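Chemist: After the structure tokens below, expect a handful of questions from me.
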Amino acid sequence: MNRTLFAWLYLLSVISSLSLSASDSTICYLRDADGRIREHNIDFLKMVLDVKFNTKQGKVFGKVKYDFTPIQYITDTVFLNAPGIDIKKVLVSGKETQFTTDSNGITIRFLPPLDWNKQYNMEITYEATPRKGLYFVGWNANTGNTHNDPYFTRKQIWTQGQGIDNRHWFPCYDDVNDKLITETIITFDSAYTVIANGVLKLKKANADGTNTWHYAMSKPMVPYLVMIAIDRFAYKDYKSKNGMVSRQYYYNDRPYVVEPTYRYSAEMMDWLSTELQVKYPWETYCNVPVQDFMYGAMENTTATIFGDFYQTDERSSIERSYVATNAHELTHQWFGDYITEYSAQHHWLHESFATYYAKQFTRQVFGEDYYESNKRDEANSAINADAVDRYPVAHAKGGSARHYPKGSFVIDMIRYTVGDSVYRKCITNYLKKHAYANVSNHDFMMAFMETAGINLDWFFDQWLYRAGVPNYLVSYERQQDRVAFYIRQTHQTDELTGYFKMPVVLEVHFADGSSSVKREWIGNQFDTVYVNAPVGKQVSYTLFDPGSNILKTISFSKSLNELKAQATNAKHMIDRYDAICEMRATETELKRDFLISLFNRGDYNRVLIEIISQLAYDRTPAAIQLFRDALKHPDFQVRRAVVEKLNEFPEAILPDVENLLADSSYITIETVLRKLCRRYESKAADYLNRVKNIKGLNNNVRIAYIELLEKGKAATKEQIAELVGYTSNNYEFRTRGKAFEAVQRLQLCTPEIISNLFNAALYTNSRLSGPAVSALKSLLSSSANKEMAKGIFELTPWQQWEKEALEKIIQ
């Protein structure tokens, strides 16, 4: 290398490093190979996807057309993700083109290379038998719902593209950093409803008894959001005040689920548009239930798919409400669909925002106590994740606990730090600037600089690019006309976790009901803050970060009298709750009367359940009366807490516990039934008789009923056959999972059960395959059962991948 060249290279490296430092002084402190943005040489502009299906074979017959333009100077090939897809033919600008395939996809060759300044089109004809991405549900199960059971298997087709699964049923550039406009054409049996992204442009009846449905988008999105759902659907339209109509689908034989499932749908559309000051960015919106869905829901553009376990009647909706999930997925239409991450390193920009705005909407609906309880659950989840690993939020491997709840809490803290008005204006500008485009963490940070002149690099550095949460050790002392707070950050510090800088509110509350408040920046290992305290005023209690606005752990020793004052008088439910939690080590005699008086005064269920837990071993008349009152409480979670927290039931409350066998909560009924039958075997027959006609949520009560009958050797052959039937693919995954757990506990093993477990163990949904594999391993610990399973395995024709998967379990 000559000296001149060396000098130029050195100068360029200096300029490059200066530019990097000037543009963004904060980066993730853990190497993030999975967060790298994928290179691509073509910009896909439009896709027209035309598909038909063979439901018995689980096969897709497709033709996909792309309009595109090259974005690299020399483009002589393009690779499309298409694992396992059988490519029949490729045309580029109408001419058949050479291609090669491998296990990951297809490489298409352009001879001559493409012109950088031109637009092209390609058409790919293919067949696929996908194991991921697109799912054929119920087509090989028994036909007809002979039990009139809402949890009986349906016949459906549905898709799930995120993260990279749409590539299994149509060839595509399956990544997040290229957006395109899509059209989807589906031909299917005319007895069914077909749903896809966008506006239905055409529905045409064909001579063979099928219909062709043609949907189209007018704005671009990423390929993982392409969706199809097929079933016998009906729908109800909800019109918001802003004029937007959301279409809410349901199974045409279950109209009773509509109102409990889609409650507040119109309101959340209005609220989000107003809160964000950005109108809903698409032409249509709908929710679509599907069976055996592996997640809660999926925010496909204009058409959210969700697990039909959320479609419940009024009674079941208290246990499984769709409201928060509905709001989460609707938020994704802005955060995730309208603006989309560049790579997995920026994934929190999707999930944290959807979690955050769902939390804020449910705050409007269910109140401040609900919101504070929700935030505490988020904090606990984030802190527990740190006990497992130390990935930051802005990292591809951050995981669900950081991409969802921790990130949501971080957004709360941004809003708390900069103020409500500034936050909202910055978010609005952030969305509008990057409309229908990709975004990065830096783009979000710069929204605050560009809109409000605020540099949040320090905040992003400690909360997003580094790991951990602060652990504060707090104490105070009275000093004449002030109170001195001594704050120490005691967590371990290293290159991944430093001392946290945050504005903290400190409060001193006096016995006469007055208070002094100060907001101070805390950021050192040791800090001291002085709060005014007029001479002569007695301190009743103090608060560090009232309302728990900062994600943290804290040690703050207080006297019992201070805790009692805080539990009685603090404005925020979470501060009252924390005071009661601090009494856990206090002797029952010293706190009983106080806790009972608090319970009788009433509070949020989180507070009341904590009181029940602390008095669970107390058998004084006063405590027993509290249990009796709790068993009649209007909140089902408070009623259930008595059953869950008490190891045994005092005779005086037993009738009240028994009355819960008719509770409004099906989960409570099952919990009570199992505990009563275990504790009072002589009365088990009576308890079982009381619930014999209750099916429950996903048949939970019915399965428990049969299991307990069989445990007492009282189940009939018909009842055992019914339990075995629940393990079959005639039922959705939650019913099957409960049945698997029951046969495992009973060690009930028949050829039919083994076959059903084999079927489930091969299922894509891990919430079905997991319990199936667990039950199989338990049952096959018996040599006789293992021989039975081997015989069934050897007589059944399997595909190679199925055979290999089951061999691992059987061995």
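Just so we're on the same page: first chain in the structure tokens is A, next is B, and so on; residues restart at 1 for each chain, and ligands are numbered from 1 in the order they show up.
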Taking only region 233-351 of chain A into account, list the residues labelled helix (DSSP H, G or I) by DSSP (computed from the backbone), as a PyMOL selection string.
Modeler: chain A and resi 255-262+265-276+308-310+314-317+323-332+344-346+348-351
Chemist: Name all residues at most 9 Å from Arg478 (chain A) (count only C-alpha atoms; drop same-chain ones fewer than 6 positions away) and give them as a compact mmCIF listing (two decimals) with N, CA and C atoms, in the first residue's frame.
Modeler:
```txt
# COMPACT_ATOMS: atom_id res chain seq x y z
N ALA A 484 -34.40 15.14 54.73
CA ALA A 484 -33.30 14.76 53.84
C ALA A 484 -33.50 13.32 53.38
N ALA A 533 -40.11 20.77 55.06
CA ALA A 533 -40.95 20.19 56.11
C ALA A 533 -41.08 21.21 57.23
N VAL A 539 -44.23 14.14 60.48
CA VAL A 539 -44.20 13.33 59.26
C VAL A 539 -45.03 12.07 59.47
```
Chemist: If we count only C-alpha atoms, what is near Gln156 (chain A) at a cut-off of 12 Å, once residues fewer than 5 positions away on the same chain are taken out, given as a ChimeraX atom specification?
Modeler: /A:53,55-56,58,134-141,188-189,192-195,228-233,251,288-293,308,732
Chemist: Got a sec: who's within 6 Å of region 545-558 of chain A, counting only C-alpha atoms, leaving out chain neighbours fewer than 4 positions off, as a ChimeraX atom specification?
Modeler: /A:469-474,504-506,572
Chemist: Grab the CA of Ala344 (chain A) to CA of Tyr173 (chain A) distance for me, in Å with one decimal place.
Modeler: 15.8 Å
Chemist: Just list as a compact mmCIF listing (two decimals) with C-alpha atoms, in the first residue's frame whatever in region 360-500 of chain A DSSP marks as strand (DSSP E or B).
Modeler:
```txt
# COMPACT_ATOMS: atom_id res chain seq x y z
CA ALA A 437 -41.89 3.54 5.42
CA ASN A 438 -39.31 1.82 7.59
CA VAL A 439 -38.02 3.22 10.89
CA ASN A 471 -32.02 -0.65 42.40
CA TYR A 472 -32.49 2.20 44.86
CA LEU A 473 -31.69 2.06 48.56
CA VAL A 474 -33.61 4.95 50.15
CA SER A 475 -33.74 6.36 53.67
CA TYR A 476 -34.64 9.71 55.19
CA GLU A 477 -34.24 11.81 58.31
CA ARG A 478 -36.01 14.86 59.69
CA GLN A 479 -33.79 17.96 59.88
CA ARG A 482 -36.69 19.85 55.96
CA VAL A 483 -36.53 16.13 55.30
CA ALA A 484 -33.30 14.76 53.84
CA PHE A 485 -33.67 11.79 51.48
CA TYR A 486 -30.55 9.67 51.01
CA ILE A 487 -30.60 7.72 47.75
CA ARG A 488 -28.04 5.13 46.75
CA GLN A 489 -28.04 3.09 43.53
```
Chemist: Need to verify the contact set: region 266-275 of chain A, 7 Å, only C-alpha atoms, exclusion of same-chain residues closer than 5 positions in sequence. Can you return it as a PyMOL selection string?
Modeler: chain A and resi 238-242+280+327+361
Chemist: Please, could you write that set of residues out with N, CA and C atoms as a PDB file, in the first residue's frame?
Modeler:
```
ATOM      1  N   TYR A 238     -68.993  -2.100  13.039  1.00  0.00           N
ATOM      2  CA  TYR A 238     -68.980  -1.101  14.106  1.00  0.00           C
ATOM      3  C   TYR A 238     -68.500   0.223  13.496  1.00  0.00           C
ATOM      4  N   LYS A 239     -69.327   1.240  13.587  1.00  0.00           N
ATOM      5  CA  LYS A 239     -68.966   2.537  13.013  1.00  0.00           C
ATOM      6  C   LYS A 239     -68.505   3.474  14.113  1.00  0.00           C
ATOM      7  N   SER A 240     -67.290   4.006  13.966  1.00  0.00           N
ATOM      8  CA  SER A 240     -66.749   4.951  14.932  1.00  0.00           C
ATOM      9  C   SER A 240     -67.260   6.354  14.640  1.00  0.00           C
ATOM     10  N   LYS A 241     -67.089   7.237  15.602  1.00  0.00           N
ATOM     11  CA  LYS A 241     -67.535   8.618  15.425  1.00  0.00           C
ATOM     12  C   LYS A 241     -66.779   9.314  14.302  1.00  0.00           C
ATOM     13  N   ASN A 242     -65.554   8.870  14.040  1.00  0.00           N
ATOM     14  CA  ASN A 242     -64.773   9.482  12.967  1.00  0.00           C
ATOM     15  C   ASN A 242     -65.143   8.948  11.586  1.00  0.00           C
ATOM     16  N   TYR A 280     -56.677   6.799  11.003  1.00  0.00           N
ATOM     17  CA  TYR A 280     -56.432   5.399  10.669  1.00  0.00           C
ATOM     18  C   TYR A 280     -55.875   5.330   9.242  1.00  0.00           C
ATOM     19  N   ALA A 327     -57.188  -3.823  21.257  1.00  0.00           N
ATOM     20  CA  ALA A 327     -56.531  -2.518  21.215  1.00  0.00           C
ATOM     21  C   ALA A 327     -55.066  -2.644  20.803  1.00  0.00           C
ATOM     22  N   PHE A 361     -55.366   2.674  26.493  1.00  0.00           N
ATOM     23  CA  PHE A 361     -56.799   2.610  26.190  1.00  0.00           C
ATOM     24  C   PHE A 361     -57.566   1.915  27.315  1.00  0.00           C
TER      25      PHE A 361
END
```
Chemist: Using only C-alpha atoms, determine which residues lie at most 8 Å from Leu608 (chain A), disregarding the query and same-chain residues fewer than 4 positions distant; provide the list as a list of chain:residue names.
Modeler: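 Listing them by chain and then by number gives A:Phe599, A:Gly602, A:Asp603, A:Tyr604, A:Ile612, A:Val638.
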Chemist: Write out as a PyMOL selection string each polymer residue whose atoms come within 12 Å of Leu806 (chain A), counting only C-alpha atoms; drop sequence neighbours fewer than 5 positions from it.
Modeler: chain A and resi 754-755+757-763+769+772-773+776-777+789-790+792-794+796+798-801+811
Chemist: Which is closest to Ile611 (chain A) among A:Tyr577, A:Arg640, A:Leu795, A:Thr69, if we use only C-alpha atoms?
Modeler: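 Ranked by minimum distance to Ile611 (chain A), first place goes to A:Tyr577.
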Chemist: If I take CA of His168 (chain A) and CA of Pro130 (chain A), how far is one from the other in Å, to one decimal?
Modeler: 5.5 Å
